[in-house]
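Asker: Dropping a structure here in structure tokens format, bear with me for questions.
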Amino acid sequence: MAKIQAVKGTRDLYPELFRPIRRIFDAWRRASELHGFEEFESPTLEYLDLYREKSGDELVGQLYRLTDAGGRELALRPEMTPSLARMVAAKINALAKPIKWFCIPKLFRGENVQRGRLREFFQWNVDVIGSDSPVADAEVILVGIEALRNLGLTAEHISVHISNRRLIAAILSAAKIDGGEQAGAYALLDKAGKMKSDELATKWNEKFGERLSLDQLREWMEAETIGQLADGVRRKLTMTDELEAATQQTSDVMSALSAFGVGDFCKLDLKIVRGLAYYTGPVFEFFDKSQNERAICGGGRYDDLLGKFGKQQEPAVGFGMGDVVLSLLLEENGLLAEANMSLMVFVADAVEGLRDEVQRVVAGLRRAGVQAEFNYAPQALGKQLKQADKRGATAVVILGDETRERGACQVKLLASGNSTEVTIESLLANPRAAIPFG
RNA sequence: GUGGGUGUAGCUCAGCUGGUUAGAGCACUAGGUUGUGAUCCUAGGGGUCGCGGGUUCGAAUCCCGUCACUCACCCCA
């Protein structure tokens, strides 16, 4: 193929493809602003070191790297959180806390392309920095849910699975599986769904079996409420202060979600682990209930990350929600269609010598806040009407002899074909009244 | 990285067992229609049949290679 096409994993977003994505942006922005988050932006290019030091190996392996003319090693940003952490850390003392920011960056990851996974995509990021309250965790989840509700998704379609890394770590610690060993335990658990169960059991029992049986741990991880889990753990393990605190934190997040009125979307699910290295507390993922798609959204608490950029430690919680899986989900549920109720008017001339008048009326309509279109070159009226129809106009304003004689024009509604005569003066003074729209 | 599927017009595809000048629908442009669109009718533009090689009198079709896209696995923001 000699033609140069769009790079693998990227999209040429023609207007008809970008339209539904823009609708998603609108929902994201509206939800963010309603919940008190402010939009920010950061550079697409970052120093490679930003990710080498702050992100997990997984992400670093997928980085798009480049060297600039000055020999600097750069990368296209694969996630937003390190940039956010840097920006906030640099001004931490000047910013009122809690800091509530959001953004809709384009991100880049050189991963295998498949359903729901591209190499360039949009991702809505929402973060609260400077609060360790479980209510902050809950509010972040709430914004995500509300945006999805804006798009027509309900608790019928999606559920939010909530876990807590700190809680799992505390359980393991209480069972005497400590620091260094925990990574290995996580890795095994993460594979739980994919490995044959006896194979998993063998590996687990080799390393940890004497301290904590796999069956026991899995039973706990299946718990659907924090109370159920806590009861089970108390019966088998000696409670530590950390275990109590982590249990309380998880419970507080769940209650705050109920208080916000979105408890029906949320459930405890300790099987959620999350790949990113920097999560320290509650973590969560949004899934579609049909389980046809990958996670729509993922995030959690990262209390240690800010400290790596500045002298000051700041608690933080946030998530990322990509446009790709969400679009697939909306399409599956027939929610992609956009009811375009906006008013568009096409201005046509029926007789010669009115081109200037067409432009005057078009400019006047636009100044009055109405989207108006016209043909650059003179054309037969029939052609202009055809053109108006193709452009999706609601109404056509036809200038003709009546314009010259009475200063009036014909307003024709394309849906019904009916037309009325109004004066140009009144049309421009109040277009929405003069055009019997809707 | 592993495995499968698919490459023919802008899009969806037909063209199977080789045989004139490669087709259809949709879309696009123009005309039918110099003061009234949608439907309808007519015409037109648009193809190195992914690319390279081989077999053959003859290849979109058969063979080999290659590339691209895509789905799944692995992995996972």
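Ordering of the structure tokens sets the chain letters (A, B, ...); residue numbers start at 1 within each chain; ligands are numbered from 1 in the order shown.
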What are the nearest atom pairs, with distances in Å to one decimal, for all residues of region 255-306 of chain A that come at most 7 Å from region 162-171 of chain A, using only C-alpha atoms, set out by chain and rising residue number as a tab-separated table?
Answerer:
```
residue	atom	partner	partner_atom	distance
A:Lys267	CA	A:Ile162	CA	6.1
A:Leu268	CA	A:Ile162	CA	4.8
A:Asp269	CA	A:Ile162	CA	5.3
A:Leu270	CA	A:Ser163	CA	4.5
A:Ile272	CA	A:Ser163	CA	5.9
A:Thr280	CA	A:Arg165	CA	6.1
A:Gly281	CA	A:Arg166	CA	4.9
A:Pro282	CA	A:Asn164	CA	3.9
A:Val283	CA	A:Ser163	CA	5.2
A:Phe284	CA	A:Ile162	CA	4.4
A:Glu285	CA	A:Ile162	CA	6.7
```
Asker: At a cut-off of 10 Å, which residues of chain A touch chain B? Count only C-alpha atoms (C1' of nucleotides) and give the answer as a PyMOL selection string.
Answerer: chain A and resi 1-2+5+8+58-59+78-79+109+111-115+117+274-276+295+297-299+320-322+349-351+379-390+396+398-401+412+414-415+417
Asker: Might you pull out every residue within 10 Å of C62 (chain B), with only C-alpha atoms (C1' of nucleotides) counted and same-chain residues fewer than 4 positions away left off, and present them as a PyMOL selection string?
Answerer: chain B and resi 18+55-56
Asker: Check region 97-258 of chain A with DSSP on the backbone and list each residue it calls alpha helix (DSSP H), as an NGL selection string.
Answerer: :A and (134-150 or 165-174 or 179-190 or 197-207 or 214-221 or 226-236 or 241-258)
